>>> print(open('work-v9.cif').read())   # mmCIF, C-alpha atoms
data_final
loop_
_atom_site.label_atom_id
_atom_site.label_comp_id
_atom_site.auth_asym_id
_atom_site.auth_seq_id
_atom_site.Cartn_x
_atom_site.Cartn_y
_atom_site.Cartn_z
CA MET A 1293 -294.41 -5.34 63.77
CA ASN A 1294 -291.77 -5.50 66.47
CA SER A 1295 -288.55 -3.62 66.72
CA VAL A 1296 -285.12 -5.14 67.43
CA GLY A 1297 -285.41 -3.31 70.75
CA ASP A 1298 -288.76 -3.34 72.61
CA GLU A 1299 -287.88 0.05 74.02
CA CYS A 1300 -287.91 1.51 70.48
CA LEU A 1301 -291.40 0.30 69.51
CA GLU A 1302 -293.37 3.51 70.23
CA LEU A 1303 -290.76 5.65 68.49
CA LYS A 1304 -290.84 3.27 65.52
CA LYS A 1305 -294.67 3.44 65.19
CA ALA A 1306 -294.69 7.23 65.30
CA TYR A 1307 -291.88 7.47 62.76
CA GLU A 1308 -293.47 4.94 60.37
CA GLU A 1309 -296.75 6.85 60.37
CA CYS A 1310 -294.87 10.03 59.49
CA PHE A 1311 -292.79 8.30 56.82
CA ASN A 1312 -295.69 6.54 55.04
CA LYS A 1313 -297.59 9.84 54.81
CA TRP A 1314 -294.52 11.78 53.63
CA PHE A 1315 -293.53 9.13 51.09
CA SER A 1316 -297.01 9.02 49.57
CA GLU A 1317 -297.93 12.73 49.67
CA LYS A 1318 -294.55 14.41 49.22
CA PHE A 1319 -291.69 12.22 48.02
CA LEU A 1320 -293.56 10.49 45.17
CA LYS A 1321 -294.75 13.95 44.00
CA GLY A 1322 -291.20 15.28 43.75
CA GLN A 1323 -290.88 17.02 47.13
CA THR A 1324 -287.71 15.44 48.47
CA GLU A 1325 -287.16 17.37 51.70
CA ASP A 1326 -287.49 14.79 54.47
CA THR A 1327 -289.81 16.39 57.02
CA CYS A 1328 -289.69 13.26 59.18
CA ALA A 1329 -285.92 13.52 59.68
CA PRO A 1330 -286.02 14.91 63.28
CA MET A 1331 -288.38 12.12 64.37
CA PHE A 1332 -286.18 9.60 62.62
CA ARG A 1333 -283.05 10.70 64.46
CA VAL A 1334 -284.61 9.96 67.86
CA TYR A 1335 -285.83 6.53 66.67
CA GLN A 1336 -282.48 5.79 65.01
CA ASP A 1337 -280.52 6.49 68.21
CA CYS A 1338 -282.70 3.95 70.01
CA VAL A 1339 -282.20 1.31 67.27
CA LYS A 1340 -278.42 1.79 67.12
CA LYS A 1341 -278.22 1.33 70.88
CA ALA A 1342 -280.32 -1.87 70.70
CA VAL A 1343 -278.20 -3.25 67.83
CA LYS A 1344 -275.00 -2.58 69.81
CA GLU A 1345 -276.42 -4.30 72.89
CA ARG A 1346 -277.29 -7.37 70.84
CA LYS A 1347 -273.81 -7.33 69.27
CA LEU A 1348 -275.10 -7.47 65.69
CA ASP A 1349 -272.39 -6.90 63.12
CA LEU A 1350 -274.06 -4.19 61.06
CA TRP A 1351 -270.80 -2.77 59.71
CA GLU A 1352 -272.79 -1.29 56.86
CA LEU A 1353 -274.20 1.16 59.40
CA GLU A 1354 -271.20 3.36 58.91
CA LYS A 1355 -270.64 2.85 55.21
CA SER A 1356 -272.79 2.97 52.13
CA VAL A 1357 -272.80 -0.18 50.02
CA LEU A 1358 -274.96 0.29 46.94
CA GLY A 1359 -273.09 1.85 44.05
CA THR A 1360 -269.65 1.28 45.54
CA GLU A 1361 -267.12 -1.49 44.87
CA LYS A 1362 -268.37 -3.13 48.07
CA GLU A 1363 -271.73 -3.80 46.43
CA LYS A 1364 -272.17 -7.51 45.73
CA LYS A 1365 -273.21 -8.10 42.14
CA VAL A 1366 -275.04 -11.17 40.86
CA PRO A 1367 -272.62 -12.79 38.40
CA ASP A 1368 -273.67 -13.22 34.77
CA GLY A 1369 -274.30 -16.74 33.68
CA SER A 1370 -276.85 -19.44 34.02
CA GLU A 1371 -277.83 -21.62 36.95
CA LYS A 1372 -275.23 -24.14 38.01
CA MET B 1255 -273.08 -21.30 44.39
CA LYS B 1256 -276.66 -21.30 43.21
CA ILE B 1257 -278.54 -18.56 41.39
CA TRP B 1258 -282.32 -18.21 41.33
CA THR B 1259 -284.21 -15.64 39.27
CA SER B 1260 -287.85 -14.77 38.80
CA GLU B 1261 -290.03 -12.16 37.11
CA HIS B 1262 -293.58 -11.22 38.10
CA VAL B 1263 -296.08 -8.61 36.92
CA PHE B 1264 -298.36 -6.80 39.40
CA ASP B 1265 -301.59 -5.46 37.96
CA HIS B 1266 -301.06 -2.13 39.75
CA PRO B 1267 -299.14 1.04 38.89
CA TRP B 1268 -295.60 1.50 40.20
CA GLU B 1269 -296.51 4.13 42.85
CA THR B 1270 -299.14 1.81 44.40
CA VAL B 1271 -296.69 -1.10 44.55
CA VAL B 1272 -293.88 0.96 46.06
CA LYS B 1273 -296.17 2.44 48.77
CA ALA B 1274 -297.30 -1.09 49.60
CA ALA B 1275 -293.70 -2.34 49.77
CA TRP B 1276 -292.98 0.00 52.69
CA ARG B 1277 -296.06 -1.30 54.51
CA LYS B 1278 -295.41 -4.95 53.70
CA TYR B 1279 -294.88 -6.16 57.28
CA PRO B 1280 -296.70 -7.49 59.19
CA ASN B 1281 -298.86 -9.56 56.85
CA PRO B 1282 -300.50 -12.97 57.11
CA HIS B 1283 -298.23 -14.54 54.45
CA ASN B 1284 -294.74 -13.78 55.74
CA THR B 1285 -295.32 -14.83 59.32
CA ALA B 1286 -291.65 -15.56 59.93
CA VAL B 1287 -290.75 -11.86 59.77
CA VAL B 1288 -291.10 -10.74 63.39
CA GLY B 1289 -289.30 -7.41 63.40
CA MET B 1290 -288.27 -4.63 61.09
CA ASP B 1291 -286.31 -1.45 61.86
CA VAL B 1292 -285.00 1.41 59.77
CA VAL B 1293 -281.35 1.77 60.65
CA ASP B 1294 -280.55 4.63 58.29
CA ARG B 1295 -282.37 6.75 55.71
CA LYS B 1296 -281.59 9.79 53.63
CA VAL B 1297 -282.44 11.53 50.35
CA ASP B 1298 -279.33 12.22 48.28
CA ASP B 1299 -278.69 15.28 46.15
CA LYS B 1300 -280.18 13.54 43.09
CA GLY B 1301 -283.46 13.08 45.00
CA VAL B 1302 -283.01 9.32 45.44
CA LEU B 1303 -284.23 7.87 48.78
CA HIS B 1304 -281.66 5.52 50.36
CA SER B 1305 -282.79 3.27 53.20
CA HIS B 1306 -281.03 0.65 55.30
CA ARG B 1307 -283.30 -1.73 57.23
CA LEU B 1308 -282.76 -4.56 59.66
CA LEU B 1309 -285.18 -7.48 59.43
CA SER B 1310 -285.64 -10.04 62.19
CA THR B 1311 -287.02 -13.46 61.31
CA ALA B 1312 -287.97 -16.37 63.56
CA TRP B 1313 -288.75 -19.72 62.01
CA GLY B 1314 -290.60 -21.15 65.03
CA MET B 1315 -288.10 -23.97 65.55
CA PRO B 1316 -287.63 -25.40 69.04
CA GLY B 1317 -284.46 -24.48 70.92
CA TRP B 1318 -282.94 -27.97 70.74
CA CYS B 1319 -283.19 -27.89 66.94
CA THR B 1320 -281.65 -24.48 66.46
CA ARG B 1321 -278.83 -25.38 68.87
CA LEU B 1322 -278.20 -28.62 66.97
CA ILE B 1323 -277.75 -26.96 63.60
CA GLY B 1324 -275.99 -23.96 65.10
CA MET B 1325 -278.67 -21.56 63.97
CA ASP B 1326 -279.89 -18.61 66.02
CA ARG B 1327 -283.51 -18.57 67.21
CA VAL B 1328 -283.92 -15.11 65.68
CA CYS B 1329 -282.14 -14.48 62.38
CA TYR B 1330 -281.26 -11.08 61.05
CA ALA B 1331 -280.97 -9.73 57.52
CA SER B 1332 -279.67 -6.39 56.31
CA GLU B 1333 -281.52 -4.66 53.45
CA HIS B 1334 -280.29 -1.66 51.45
CA SER B 1335 -282.69 0.03 49.04
CA GLU B 1336 -282.99 2.99 46.69
CA VAL B 1337 -286.17 4.65 45.44
CA ASP B 1338 -285.73 6.87 42.38
CA ALA B 1339 -289.17 8.48 42.00
CA ARG B 1340 -288.20 10.42 38.89
CA ASN B 1341 -287.13 7.33 36.92
CA LYS B 1342 -289.58 5.03 38.76
CA GLN B 1343 -287.04 2.49 39.95
CA PHE B 1344 -287.09 0.78 43.34
CA VAL B 1345 -284.20 -1.61 44.06
CA LEU B 1346 -283.68 -3.61 47.27
CA LYS B 1347 -280.63 -5.72 48.17
CA THR B 1348 -280.81 -8.06 51.16
CA ARG B 1349 -278.17 -10.23 52.80
CA ASN B 1350 -278.51 -12.48 55.85
CA LEU B 1351 -276.39 -11.54 58.85
CA THR B 1352 -276.80 -14.59 61.05
CA PHE B 1353 -275.95 -18.07 59.77
CA CYS B 1354 -273.32 -16.21 57.71
CA ASN B 1355 -270.49 -18.57 58.51
CA VAL B 1356 -272.47 -21.41 56.95
CA ALA B 1357 -274.51 -19.90 54.14
CA THR B 1358 -274.80 -16.50 52.54
CA VAL B 1359 -277.92 -15.44 50.71
CA ASP B 1360 -277.79 -12.27 48.63
CA GLU B 1361 -281.12 -11.21 47.19
CA VAL B 1362 -281.93 -8.36 44.80
CA LEU B 1363 -285.45 -7.14 44.01
CA SER B 1364 -286.26 -4.45 41.50
CA TYR B 1365 -289.65 -2.88 40.84
CA SER B 1366 -290.21 -0.85 37.66
CA PRO B 1367 -293.18 0.12 35.46
CA HIS B 1368 -294.10 -2.46 32.82
CA PRO B 1369 -292.47 -1.30 29.56
CA GLU B 1370 -295.70 -1.83 27.57
CA ASP B 1371 -298.35 -0.95 30.15
CA SER B 1372 -297.72 1.79 32.71
CA SER B 1373 -300.69 0.62 34.79
CA LYS B 1374 -298.65 -2.50 35.65
CA THR B 1375 -295.40 -3.07 37.55
CA VAL B 1376 -292.66 -5.63 36.87
CA LEU B 1377 -290.82 -7.24 39.79
CA ARG B 1378 -287.50 -8.93 39.03
CA GLN B 1379 -285.91 -11.06 41.75
CA GLU B 1380 -282.48 -12.64 41.92
CA ALA B 1381 -280.94 -14.64 44.73
CA VAL B 1382 -277.40 -15.99 45.01
CA VAL B 1383 -276.82 -18.67 47.62
CA THR B 1384 -273.32 -19.67 48.66
CA VAL B 1385 -272.65 -22.51 51.09
CA GLN B 1386 -269.09 -23.11 52.19
CA GLY B 1387 -267.26 -25.68 54.21
CA LEU B 1388 -270.06 -28.26 54.32
CA PRO B 1389 -270.38 -31.61 52.59
CA LEU B 1390 -273.43 -31.79 50.32
CA CYS B 1391 -272.99 -28.09 49.52
CA ASN B 1392 -274.91 -28.39 46.26
CA LYS B 1393 -277.83 -30.16 47.95
CA MET B 1394 -277.98 -27.51 50.68
CA GLU B 1395 -277.92 -24.75 48.08
CA SER B 1396 -280.80 -26.40 46.15
CA LEU B 1397 -282.86 -26.67 49.34
CA MET B 1398 -282.28 -23.00 50.05
CA THR B 1399 -283.20 -21.82 46.56
CA ASP B 1400 -286.40 -23.91 46.78
CA LYS B 1401 -287.17 -22.14 50.04
CA ILE B 1402 -286.43 -18.77 48.42
CA SER B 1403 -288.80 -19.60 45.57
CA LYS B 1404 -291.62 -20.50 48.00
CA ASN B 1405 -290.99 -17.37 50.03
CA ALA B 1406 -291.06 -15.25 46.87
CA GLY B 1407 -294.56 -16.57 46.15
CA LYS B 1408 -295.60 -15.66 49.71
CA GLY B 1409 -293.99 -12.25 49.29
CA ARG B 1410 -296.03 -11.51 46.17
CA ASP B 1411 -299.24 -12.64 47.91
CA ALA B 1412 -298.26 -10.35 50.78
CA MET B 1413 -297.92 -7.37 48.43
CA GLU B 1414 -301.41 -7.97 46.96
CA TRP B 1415 -302.80 -8.22 50.49
CA VAL B 1416 -301.20 -4.91 51.53
CA ILE B 1417 -302.42 -3.14 48.35
CA ASP B 1418 -305.99 -4.33 49.05
CA LYS B 1419 -305.70 -3.20 52.67
CA ILE B 1420 -304.61 0.30 51.63
CA LYS B 1421 -307.51 0.53 49.12
CA THR B 1422 -310.05 -0.60 51.75
CA GLU B 1423 -308.70 2.00 54.20
CA ALA B 1424 -309.24 4.71 51.57
CA GLN B 1425 -312.80 3.49 50.85
CA ASP B 1426 -313.70 3.31 54.57
CA LEU B 1427 -312.38 6.82 55.11
CA SER B 1428 -314.39 8.09 52.15
CA ALA B 1429 -317.58 6.44 53.47
CA GLU B 1430 -316.97 7.86 56.96
CA LEU B 1431 -316.49 11.39 55.61
CA SER B 1432 -319.63 11.06 53.50
CA LEU B 1433 -321.65 10.00 56.56
CA GLU B 1434 -320.28 12.88 58.65
CA ALA B 1435 -321.16 15.33 55.89
CA LYS B 1436 -324.77 14.04 55.81
CA LYS B 1437 -325.04 14.36 59.61
CA LEU B 1438 -323.75 17.94 59.49
CA SER B 1439 -326.18 18.79 56.72
CA THR B 1440 -329.14 17.37 58.75
CA GLU B 1441 -328.05 19.25 61.89
CA ALA B 1442 -327.66 22.49 59.94
CA LYS B 1443 -331.14 22.09 58.46
CA LYS B 1444 -332.69 21.42 61.92
CA HIS B 1445 -330.97 24.50 63.28
CA PHE B 1446 -332.17 26.58 60.33
CA ASP B 1447 -335.76 25.30 60.81
CA SER B 1448 -335.75 26.17 64.50
CA VAL B 1449 -334.40 29.66 63.88
CA MET B 1450 -336.53 30.53 60.85
CA PRO B 1451 -339.72 28.38 61.06
CA HIS B 1452 -341.76 30.71 58.87
CA VAL B 1453 -339.39 30.51 55.93
CA GLN B 1454 -340.39 28.05 53.20
CA HIS B 1455 -337.52 25.96 52.03
CA SER B 1456 -337.12 23.57 49.13
CA THR B 1457 -337.76 19.90 49.93
CA SER B 1458 -334.91 18.71 47.76
CA THR B 1459 -331.53 18.82 49.41
CA SER B 1460 -328.34 18.96 47.46
CA ASN B 1461 -325.78 16.30 48.12
CA SER B 1462 -322.68 17.72 49.68
CA THR B 1463 -319.54 16.43 48.21
CA LEU B 1464 -316.28 16.35 50.07
#
>>> encode(input="work-v9.cif", output="structure tokens")
Amino acid sequence: MNSVGDECLELKKAYEECFNKWFSEKFLKGQTEDTCAPMFRVYQDCVKKAVKERKLDLWELEKSVLGTEKEKKVPDGSEK
Amino acid sequence: MKIWTSEHVFDHPWETVVKAAWRKYPNPHNTAVVGMDVVDRKVDDKGVLHSHRLLSTAWGMPGWCTRLIGMDRVCYASEHSEVDARNKQFVLKTRNLTFCNVATVDEVLSYSPHPEDSSKTVLRQEAVVTVQGLPLCNKMESLMTDKISKNAGKGRDAMEWVIDKIKTEAQDLSAELSLEAKKLSTEAKKHFDSVMPHVQHSTSTSNSTL
């Protein structure tokens, strides 16, 4: 699976391997300390740089959306 | 505005489905998804995992076509999700970033254990499509919700494919370990025989279990 920036691909693969293992063996068993965080930070810096270069408007990068008034809710009601 | 909803039951426990969801791409069903990146991730003080991902999709349309309809060759979507392992809830919310000035698609997926059978998982999907500023808005919205429905079917097939893949990996690993254990046992026996040839040993060997 590619990355938005080709230069981030190796970092992405290494991080994903760490994350899948941590998620399965630690997080789902109640151990919430993210031991992959340092690896993630390096990968994240690369991704943010690539996103900026491609001028993608990911304003949500700086704000959280879920659980705030900015979260879009599906309206009640049937299909129109 | 058009709303589409769907409910599906996976014949697998919640943990299996959630693990597979993170490994969903690439898969042979959703071939349009060409890239996926984690933009942000953290565990909050309630132990809920928040993730923000960027998905890149390419529909394989020629350049003249995408230019004609004003669509980008590669489209992007932003996905926010939360995994609450304690309450077994996994919610994902996705919105397209490109093509936004024409149509907006907001999609919500939620995975939770089946209320009557904890060995199964329920997936609820909702999509809201809004098309503005175009004639035939309703028609366009119907076309898009049809597309969403087809893609949802592909998405579910993709999840089953990933779950099978993970199970096969586990079985292969188990078989490999078993073979290695047998080899080690044979080597150890040879070594023992060469060192102590006069010692009688039992002909039955115990199976080593790992």
>>> interface_residues(input="work-v9.cif", of="chain A", to="chain B", cutoff="6 Å", atoms="all atoms listed in the file", output="JSON list (two decimals) with C-alpha atoms, keeping the file's coordinate frame")
[["chain", "number", "residue", "atom", "x", "y", "z"],
["A", 1293, "MET", "CA", -294.41, -5.34, 63.77],
["A", 1294, "ASN", "CA", -291.77, -5.50, 66.47],
["A", 1295, "SER", "CA", -288.55, -3.62, 66.72],
["A", 1320, "LEU", "CA", -293.56, 10.49, 45.17],
["A", 1324, "THR", "CA", -287.71, 15.44, 48.47],
["A", 1371, "GLU", "CA", -277.83, -21.62, 36.95]]
>>> resolve_selection(input="work-v9.cif", expression="the PyMOL selection byres ((chain A and resi 1332) around 9)", output="mmCIF file with C-alpha atoms, in the coordinates of the input")
data_model
loop_
_atom_site.group_PDB
_atom_site.id
_atom_site.type_symbol
_atom_site.label_atom_id
_atom_site.label_comp_id
_atom_site.auth_asym_id
_atom_site.auth_seq_id
_atom_site.Cartn_x
_atom_site.Cartn_y
_atom_site.Cartn_z
ATOM 1 C CA LEU A 1303 -290.760 5.650 68.490
ATOM 2 C CA LYS A 1304 -290.840 3.270 65.520
ATOM 3 C CA TYR A 1307 -291.880 7.470 62.760
ATOM 4 C CA GLU A 1308 -293.470 4.940 60.370
ATOM 5 C CA PHE A 1311 -292.790 8.300 56.820
ATOM 6 C CA CYS A 1328 -289.690 13.260 59.180
ATOM 7 C CA ALA A 1329 -285.920 13.520 59.680
ATOM 8 C CA PRO A 1330 -286.020 14.910 63.280
ATOM 9 C CA MET A 1331 -288.380 12.120 64.370
ATOM 10 C CA ARG A 1333 -283.050 10.700 64.460
ATOM 11 C CA VAL A 1334 -284.610 9.960 67.860
ATOM 12 C CA TYR A 1335 -285.830 6.530 66.670
ATOM 13 C CA GLN A 1336 -282.480 5.790 65.010
ATOM 14 C CA ASP A 1337 -280.520 6.490 68.210
ATOM 15 C CA VAL B 1292 -285.000 1.410 59.770
ATOM 16 C CA ASP B 1294 -280.550 4.630 58.290
ATOM 17 C CA ARG B 1295 -282.370 6.750 55.710
#
>>> resolve_selection(input="work-v9.cif", expression="the PyMOL selection byres ((chain B and resi 1368) around 10)", output="list of chain:residue names")
B:Val1263, B:Phe1264, B:Asp1265, B:His1266, B:Pro1267, B:Trp1268, B:Tyr1365, B:Ser1366, B:Pro1367, B:Pro1369, B:Glu1370, B:Asp1371, B:Ser1372, B:Ser1373, B:Lys1374, B:Thr1375, B:Val1376, B:Leu1377
>>> write_last_selection(input="work-v9.cif", atoms="C-alpha atoms", output="CSV table (one decimal), in the coordinates of the input")
chain,number,residue,atom,x,y,z
B,1263,VAL,CA,-296.1,-8.6,36.9
B,1264,PHE,CA,-298.4,-6.8,39.4
B,1265,ASP,CA,-301.6,-5.5,38.0
B,1266,HIS,CA,-301.1,-2.1,39.8
B,1267,PRO,CA,-299.1,1.0,38.9
B,1268,TRP,CA,-295.6,1.5,40.2
B,1365,TYR,CA,-289.6,-2.9,40.8
B,1366,SER,CA,-290.2,-0.8,37.7
B,1367,PRO,CA,-293.2,0.1,35.5
B,1369,PRO,CA,-292.5,-1.3,29.6
B,1370,GLU,CA,-295.7,-1.8,27.6
B,1371,ASP,CA,-298.4,-1.0,30.2
B,1372,SER,CA,-297.7,1.8,32.7
B,1373,SER,CA,-300.7,0.6,34.8
B,1374,LYS,CA,-298.6,-2.5,35.6
B,1375,THR,CA,-295.4,-3.1,37.6
B,1376,VAL,CA,-292.7,-5.6,36.9
B,1377,LEU,CA,-290.8,-7.2,39.8
>>> atom_distance(input="work-v9.cif", atom1="atom CA of Lys1393 of chain B", atom2="atom CA of Cys1329 of chain B")
21.7 Å
>>> atom_distance(input="work-v9.cif", atom1="atom CA of Val1296 of chain A", atom2="atom CA of Val1343 of chain A")
7.2 Å
>>> decode(input="work-v9.cif", residues="segment 1411-1430 of chain B", atoms="N, CA, C and O atoms", output="PDB file, in the first residue's frame")
ATOM      1  N   ASP B1411     -16.466  -7.873   1.570  1.00  0.00           N
ATOM      2  CA  ASP B1411     -15.686  -8.996   0.996  1.00  0.00           C
ATOM      3  C   ASP B1411     -14.218  -8.836   1.363  1.00  0.00           C
ATOM      4  O   ASP B1411     -13.532  -9.813   1.669  1.00  0.00           O
ATOM      5  N   ALA B1412     -13.754  -7.589   1.320  1.00  0.00           N
ATOM      6  CA  ALA B1412     -12.356  -7.297   1.650  1.00  0.00           C
ATOM      7  C   ALA B1412     -12.051  -7.699   3.086  1.00  0.00           C
ATOM      8  O   ALA B1412     -11.008  -8.285   3.379  1.00  0.00           O
ATOM      9  N   MET B1413     -12.954  -7.403   4.008  1.00  0.00           N
ATOM     10  CA  MET B1413     -12.751  -7.729   5.423  1.00  0.00           C
ATOM     11  C   MET B1413     -12.641  -9.242   5.591  1.00  0.00           C
ATOM     12  O   MET B1413     -11.772  -9.725   6.315  1.00  0.00           O
ATOM     13  N   GLU B1414     -13.515 -10.013   4.922  1.00  0.00           N
ATOM     14  CA  GLU B1414     -13.463 -11.477   5.036  1.00  0.00           C
ATOM     15  C   GLU B1414     -12.132 -11.987   4.501  1.00  0.00           C
ATOM     16  O   GLU B1414     -11.523 -12.903   5.058  1.00  0.00           O
ATOM     17  N   TRP B1415     -11.670 -11.381   3.411  1.00  0.00           N
ATOM     18  CA  TRP B1415     -10.406 -11.778   2.789  1.00  0.00           C
ATOM     19  C   TRP B1415      -9.236 -11.551   3.755  1.00  0.00           C
ATOM     20  O   TRP B1415      -8.365 -12.407   3.920  1.00  0.00           O
ATOM     21  N   VAL B1416      -9.247 -10.371   4.414  1.00  0.00           N
ATOM     22  CA  VAL B1416      -8.160 -10.046   5.338  1.00  0.00           C
ATOM     23  C   VAL B1416      -8.192 -10.985   6.543  1.00  0.00           C
ATOM     24  O   VAL B1416      -7.160 -11.473   6.997  1.00  0.00           O
ATOM     25  N   ILE B1417      -9.404 -11.276   7.070  1.00  0.00           N
ATOM     26  CA  ILE B1417      -9.521 -12.177   8.229  1.00  0.00           C
ATOM     27  C   ILE B1417      -8.964 -13.557   7.874  1.00  0.00           C
ATOM     28  O   ILE B1417      -8.212 -14.153   8.651  1.00  0.00           O
ATOM     29  N   ASP B1418      -9.286 -14.052   6.677  1.00  0.00           N
ATOM     30  CA  ASP B1418      -8.761 -15.357   6.239  1.00  0.00           C
ATOM     31  C   ASP B1418      -7.254 -15.327   6.142  1.00  0.00           C
ATOM     32  O   ASP B1418      -6.572 -16.279   6.518  1.00  0.00           O
ATOM     33  N   LYS B1419      -6.733 -14.218   5.595  1.00  0.00           N
ATOM     34  CA  LYS B1419      -5.282 -14.065   5.408  1.00  0.00           C
ATOM     35  C   LYS B1419      -4.580 -14.132   6.760  1.00  0.00           C
ATOM     36  O   LYS B1419      -3.571 -14.821   6.917  1.00  0.00           O
ATOM     37  N   ILE B1420      -5.117 -13.438   7.759  1.00  0.00           N
ATOM     38  CA  ILE B1420      -4.506 -13.430   9.087  1.00  0.00           C
ATOM     39  C   ILE B1420      -4.529 -14.839   9.672  1.00  0.00           C
ATOM     40  O   ILE B1420      -3.558 -15.299  10.272  1.00  0.00           O
ATOM     41  N   LYS B1421      -5.647 -15.569   9.479  1.00  0.00           N
ATOM     42  CA  LYS B1421      -5.759 -16.934  10.030  1.00  0.00           C
ATOM     43  C   LYS B1421      -4.752 -17.857   9.351  1.00  0.00           C
ATOM     44  O   LYS B1421      -4.103 -18.669  10.013  1.00  0.00           O
ATOM     45  N   THR B1422      -4.605 -17.737   8.026  1.00  0.00           N
ATOM     46  CA  THR B1422      -3.640 -18.572   7.296  1.00  0.00           C
ATOM     47  C   THR B1422      -2.227 -18.296   7.767  1.00  0.00           C
ATOM     48  O   THR B1422      -1.432 -19.214   7.948  1.00  0.00           O
ATOM     49  N   GLU B1423      -1.910 -17.006   7.997  1.00  0.00           N
ATOM     50  CA  GLU B1423      -0.567 -16.641   8.491  1.00  0.00           C
ATOM     51  C   GLU B1423      -0.302 -17.354   9.808  1.00  0.00           C
ATOM     52  O   GLU B1423       0.785 -17.887  10.026  1.00  0.00           O
ATOM     53  N   ALA B1424      -1.291 -17.371  10.685  1.00  0.00           N
ATOM     54  CA  ALA B1424      -1.129 -17.998  12.010  1.00  0.00           C
ATOM     55  C   ALA B1424      -0.925 -19.502  11.861  1.00  0.00           C
ATOM     56  O   ALA B1424      -0.086 -20.098  12.531  1.00  0.00           O
ATOM     57  N   GLN B1425      -1.673 -20.128  10.920  1.00  0.00           N
ATOM     58  CA  GLN B1425      -1.547 -21.576  10.713  1.00  0.00           C
ATOM     59  C   GLN B1425      -0.185 -21.926  10.123  1.00  0.00           C
ATOM     60  O   GLN B1425       0.451 -22.879  10.536  1.00  0.00           O
ATOM     61  N   ASP B1426       0.279 -21.109   9.153  1.00  0.00           N
ATOM     62  CA  ASP B1426       1.584 -21.357   8.522  1.00  0.00           C
ATOM     63  C   ASP B1426       2.682 -21.264   9.558  1.00  0.00           C
ATOM     64  O   ASP B1426       3.619 -22.059   9.568  1.00  0.00           O
ATOM     65  N   LEU B1427       2.575 -20.253  10.422  1.00  0.00           N
ATOM     66  CA  LEU B1427       3.596 -20.035  11.453  1.00  0.00           C
ATOM     67  C   LEU B1427       3.626 -21.233  12.393  1.00  0.00           C
ATOM     68  O   LEU B1427       4.686 -21.733  12.762  1.00  0.00           O
ATOM     69  N   SER B1428       2.435 -21.714  12.757  1.00  0.00           N
ATOM     70  CA  SER B1428       2.334 -22.854  13.665  1.00  0.00           C
ATOM     71  C   SER B1428       2.959 -24.097  13.034  1.00  0.00           C
ATOM     72  O   SER B1428       3.694 -24.843  13.677  1.00  0.00           O
ATOM     73  N   ALA B1429       2.702 -24.318  11.740  1.00  0.00           N
ATOM     74  CA  ALA B1429       3.257 -25.480  11.026  1.00  0.00           C
ATOM     75  C   ALA B1429       4.777 -25.380  10.940  1.00  0.00           C
ATOM     76  O   ALA B1429       5.505 -26.358  11.136  1.00  0.00           O
ATOM     77  N   GLU B1430       5.258 -24.150  10.668  1.00  0.00           N
ATOM     78  CA  GLU B1430       6.717 -23.923  10.577  1.00  0.00           C
ATOM     79  C   GLU B1430       7.395 -24.227  11.892  1.00  0.00           C
ATOM     80  O   GLU B1430       8.437 -24.870  11.948  1.00  0.00           O
TER      81      GLU B1430
END
